[in-house]
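For reference, final_26.cif is printed below; it contains mmCIF, C-alpha atoms.
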data_target
#
loop_
_atom_site.label_atom_id
_atom_site.label_comp_id
_atom_site.auth_asym_id
_atom_site.auth_seq_id
_atom_site.Cartn_x
_atom_site.Cartn_y
_atom_site.Cartn_z
CA MET A 424 129.64 83.31 119.73
CA SER A 425 126.05 82.71 120.88
CA GLY A 426 123.30 81.71 118.48
CA LEU A 427 121.89 85.24 118.52
CA GLU A 428 125.30 86.78 117.88
CA GLN A 429 125.87 84.37 114.98
CA ARG A 430 122.52 85.28 113.41
CA ILE A 431 123.34 89.00 113.74
CA HIS A 432 126.79 88.42 112.22
CA ASP A 433 125.36 86.40 109.33
CA ALA A 434 122.62 88.95 108.63
CA VAL A 435 125.01 91.89 108.50
CA HIS A 436 127.74 90.09 106.57
CA GLY A 437 125.23 88.48 104.22
CA GLN A 438 124.16 91.75 102.60
CA THR A 439 124.68 91.62 98.85
CA GLN A 440 123.98 95.20 97.77
CA PRO A 441 126.98 97.27 96.60
CA THR A 442 126.70 99.82 99.42
CA VAL A 443 126.22 98.59 102.97
CA THR A 444 125.04 101.23 105.43
CA VAL A 445 123.96 101.41 109.06
CA LEU A 446 120.35 101.45 107.85
CA SER A 447 120.78 98.46 105.54
CA SER A 448 122.49 96.55 108.34
CA LEU A 449 119.67 97.29 110.78
CA LEU A 450 117.12 96.20 108.17
CA ALA A 451 119.07 92.98 107.57
CA VAL A 452 119.07 92.20 111.29
CA GLU A 453 115.37 92.94 111.63
CA ASP A 454 114.59 90.79 108.58
CA GLU A 455 116.50 87.92 110.19
CA LEU A 456 115.30 88.23 113.79
CA GLY A 457 112.07 90.19 113.56
CA TYR A 458 113.53 92.85 115.85
CA ILE A 459 116.77 94.64 116.64
CA PRO A 460 118.34 93.53 119.94
CA LYS A 461 120.90 95.65 121.79
CA ASP A 462 123.68 93.25 120.72
CA ALA A 463 122.87 94.14 117.10
CA LEU A 464 123.31 97.86 117.79
CA ASP A 465 126.77 97.14 119.17
CA PHE A 466 127.64 94.83 116.27
CA VAL A 467 126.44 97.25 113.58
CA ALA A 468 128.41 100.07 115.22
CA ALA A 469 131.61 98.03 115.17
CA PHE A 470 130.95 96.75 111.65
CA SER A 471 130.25 100.28 110.35
CA LYS A 472 133.15 101.81 112.28
CA THR A 473 130.84 104.25 114.02
CA THR A 474 129.43 104.71 117.51
CA VAL A 475 126.48 102.98 119.13
CA ASN A 476 124.96 106.46 119.53
CA ASP A 477 125.11 106.99 115.76
CA VAL A 478 123.52 103.60 115.14
CA TRP A 479 120.81 104.32 117.73
CA ALA A 480 120.13 107.69 116.06
CA VAL A 481 119.33 105.86 112.82
CA ALA A 482 117.39 103.03 114.48
CA SER A 483 115.26 105.28 116.67
CA PHE A 484 114.41 107.61 113.77
CA TYR A 485 112.29 104.95 112.02
CA PRO A 486 109.08 104.14 113.93
CA ASN A 487 108.61 100.68 112.40
CA PHE A 488 111.78 99.18 113.89
CA ARG A 489 111.13 96.85 116.81
CA PHE A 490 113.52 96.54 119.73
CA ASP A 491 111.69 93.72 121.50
CA PRO A 492 111.06 90.21 120.17
CA PRO A 493 107.94 90.09 117.99
CA CYS A 494 104.73 88.30 118.81
CA GLU A 495 103.72 85.14 116.97
CA HIS A 496 101.52 87.12 114.55
CA ILE A 497 101.55 90.68 113.23
CA VAL A 498 98.44 92.44 111.98
CA GLU A 499 98.79 95.86 110.39
CA VAL A 500 95.97 98.10 109.27
CA CYS A 501 96.82 100.56 106.53
CA TRP A 502 96.37 104.18 107.52
CA GLY A 503 97.18 105.76 104.17
CA ALA A 504 94.81 108.36 102.76
CA SER A 505 92.84 105.95 100.55
CA CYS A 506 92.33 103.43 103.34
CA HIS A 507 91.55 106.09 105.92
CA LEU A 508 88.86 107.62 103.71
CA VAL A 509 87.05 104.33 103.12
CA GLY A 510 86.89 102.95 106.64
CA ALA A 511 90.28 101.95 108.03
CA MET A 512 89.36 103.25 111.49
CA GLY A 513 86.43 100.83 111.74
CA VAL A 514 88.70 98.01 110.60
CA PHE A 515 91.32 98.98 113.18
CA GLU A 516 88.75 99.19 115.99
CA SER A 517 87.44 95.74 115.05
CA VAL A 518 90.96 94.29 115.13
CA LEU A 519 91.65 95.92 118.50
CA GLU A 520 88.43 94.47 119.90
CA ILE A 521 89.20 90.89 118.86
CA ALA A 522 92.77 91.32 120.19
CA GLY A 523 91.55 92.72 123.49
CA LEU A 524 93.65 95.86 123.09
CA GLU A 525 92.79 99.53 123.54
CA ASP A 526 95.47 100.79 121.15
CA GLU A 527 98.15 99.40 118.89
CA GLY A 528 100.66 97.13 120.57
CA ASP A 529 101.22 93.56 121.70
CA THR A 530 98.75 91.29 123.42
CA PRO A 531 99.88 90.21 126.91
CA ASP A 532 100.24 86.58 125.77
CA LYS A 533 102.59 87.69 122.94
CA ARG A 534 100.44 86.02 120.30
CA LEU A 535 99.49 89.16 118.37
CA THR A 536 100.93 92.56 117.51
CA VAL A 537 98.43 95.09 116.16
CA ARG A 538 99.67 98.29 114.58
CA PHE A 539 99.01 100.93 111.97
CA ASN A 540 101.04 101.00 108.79
CA THR A 541 101.44 104.29 106.96
CA CYS A 542 100.83 102.61 103.58
CA LEU A 543 100.64 98.99 102.51
CA GLY A 544 100.79 99.94 98.82
CA ALA A 545 97.46 98.50 97.69
CA CYS A 546 95.36 101.66 97.49
CA SER A 547 93.05 100.27 94.80
CA GLN A 548 91.92 97.62 97.31
CA ALA A 549 91.33 99.98 100.23
CA PRO A 550 90.88 99.47 103.07
CA VAL A 551 93.75 97.03 103.36
CA MET A 552 95.24 95.02 106.20
CA SER A 553 98.28 92.79 106.46
CA LEU A 554 98.19 89.50 108.35
CA ASP A 555 101.69 88.12 108.87
CA HIS A 556 102.76 90.09 105.77
CA HIS A 557 99.92 88.77 103.58
CA LEU A 558 97.60 91.47 102.27
CA ALA A 559 93.82 91.39 102.52
CA GLY A 560 91.98 94.08 100.59
CA ARG A 561 88.52 95.60 100.61
CA VAL A 562 88.12 94.56 104.22
CA ASN A 563 85.41 95.81 106.54
CA PRO A 564 85.19 95.48 110.33
CA GLU A 565 83.49 92.08 110.12
CA SER A 566 85.87 90.54 107.58
CA ALA A 567 88.86 91.98 109.46
CA ALA A 568 87.70 90.32 112.69
CA LYS A 569 87.23 87.02 110.85
CA ASN A 570 90.69 87.31 109.29
CA VAL A 571 92.31 87.85 112.69
CA ALA A 572 90.30 85.03 114.31
CA HIS A 573 91.36 82.68 111.49
CA LEU A 574 94.99 83.73 111.91
CA LEU A 575 94.88 82.96 115.63
CA GLU A 576 93.14 79.62 115.06
CA GLN A 577 95.84 78.46 112.60
CA ASP A 578 98.33 77.80 115.37
CA GLY A 579 95.85 75.76 117.41
CA HIS A 580 95.37 78.34 120.15
CA GLY A 581 92.16 79.92 118.87
CA GLU A 582 89.02 80.30 120.94
#
So, in terms of structure tokens, how does the structure I just supplied come out?
Amino acid sequence: MSGLEQRIHDAVHGQTQPTVTVLSSLLAVEDELGYIPKDALDFVAAFSKTTVNDVWAVASFYPNFRFDPPCEHIVEVCWGASCHLVGAMGVFESVLEIAGLEDEGDTPDKRLTVRFNTCLGACSQAPVMSLDHHLAGRVNPESAAKNVAHLLEQDGHGE
């Protein structure tokens, strides 16, 4: 068993909730790896005694699942109603500019993923962004750009 296969196996078999489902298994794999590789679809199908098509139907239904390895850093800008009404679009545009992207996605060097999130659950601090799963609230375009620049500088590759 390869290292990837072992990690998939351990993630799926390591679930502790009373009911294990295709969805919970996919979430466990993504939590472990940061994405869901094709091998995981096959493994979850066998584990769940279902077909790969059934597993893919669940996986492809949820837009936040990744099927490619993640970038070093993930920045999400909340797009919930509260954030949208108080300036999330300006925040998102600022993040895109510093990332050199025209729309959400991965930078070519695989250092940064930028994407919308339907709700980060911190409406009282709107607009909100997440930097590697750490929330920053009451951001504006300038503070968002600084947050992303700081994130990129942390790993020693910053401008």
One number please: atom CA of A:Gly437 to atom CA of A:Val452, in Å, one decimal.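 Straight-line distance from atom CA of A:Gly437 to atom CA of A:Val452 works out to 10.1 Å.
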Please list as a PDB file with C-alpha atoms, in the coordinates of the input every residue within 9 Å of A:Val500, counting all atoms listed in the file and excluding residues in the same chain fewer than 6 positions away.
ATOM      1  CA  CYS A 506      92.330 103.430 103.340  1.00  0.00           C
ATOM      2  CA  ALA A 511      90.280 101.950 108.030  1.00  0.00           C
ATOM      3  CA  MET A 512      89.360 103.250 111.490  1.00  0.00           C
ATOM      4  CA  VAL A 514      88.700  98.010 110.600  1.00  0.00           C
ATOM      5  CA  PHE A 515      91.320  98.980 113.180  1.00  0.00           C
ATOM      6  CA  VAL A 518      90.960  94.290 115.130  1.00  0.00           C
ATOM      7  CA  VAL A 537      98.430  95.090 116.160  1.00  0.00           C
ATOM      8  CA  ARG A 538      99.670  98.290 114.580  1.00  0.00           C
ATOM      9  CA  PHE A 539      99.010 100.930 111.970  1.00  0.00           C
ATOM     10  CA  ASN A 540     101.040 101.000 108.790  1.00  0.00           C
ATOM     11  CA  THR A 541     101.440 104.290 106.960  1.00  0.00           C
ATOM     12  CA  CYS A 542     100.830 102.610 103.580  1.00  0.00           C
ATOM     13  CA  LEU A 543     100.640  98.990 102.510  1.00  0.00           C
ATOM     14  CA  PRO A 550      90.880  99.470 103.070  1.00  0.00           C
ATOM     15  CA  VAL A 551      93.750  97.030 103.360  1.00  0.00           C
ATOM     16  CA  MET A 552      95.240  95.020 106.200  1.00  0.00           C
ATOM     17  CA  SER A 553      98.280  92.790 106.460  1.00  0.00           C
ATOM     18  CA  LEU A 554      98.190  89.500 108.350  1.00  0.00           C
TER      19      LEU A 554
END
Quick one: apply the PyMOL selection byres ((chain A and resi 558-574) around 10) to the file and drop the selected residues here as number ranges by chain. A: 496-500, 506, 509-522, 535, 543-557, 575-582
Quick one: residues within 12 Å of A:Val443, only C-alpha atoms counted, chain neighbours fewer than 5 positions away excluded, as a list in words?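 The residues that qualify are Ala434, Val435, His436, Gly437, Gln438, Ser448, Leu449, Leu450, Ala451, Val467, Phe470 and Ser471 of chain A.
In this structure, atom CA of A:Thr530 sits 29.2 Å away from atom CA of A:Gln429.
What separates atom CA of A:Asn487 from atom CA of A:Leu427 is a distance of 21.3 Å.
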Carefully work through the PyMOL selection byres ((chain A and resi 493) around 7) for this structure and note down the residues it includes, as a list in words.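 Written out, the selection comes to Gly457, Tyr458, Asp491, Pro492, Cys494 and Glu495 of chain A.
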On this structure, which residues satisfy the PyMOL selection byres ((chain A and resi 461) around 12), written as a PyMOL selection string? chain A and resi 427-428+431+449+452-453+458-460+462-468+475-476+478-479+482+489-492
Return as lines of an AutoDock Vina configuration file the centre and edge lengths, in Å with one decimal, of the box along x, y and z that encloses every atom of stretch 521-538 of chain A in the file, padded by 3 Å per side.
center_x = 95.9
center_y = 93.4
center_z = 120.7
size_x = 19.4
size_y = 20.8
size_z = 18.3
Using all atoms listed in the file: which of A:Glu527, A:Thr473, A:Leu508, A:Arg430 has the shortest distance to A:Glu455: A:Arg430
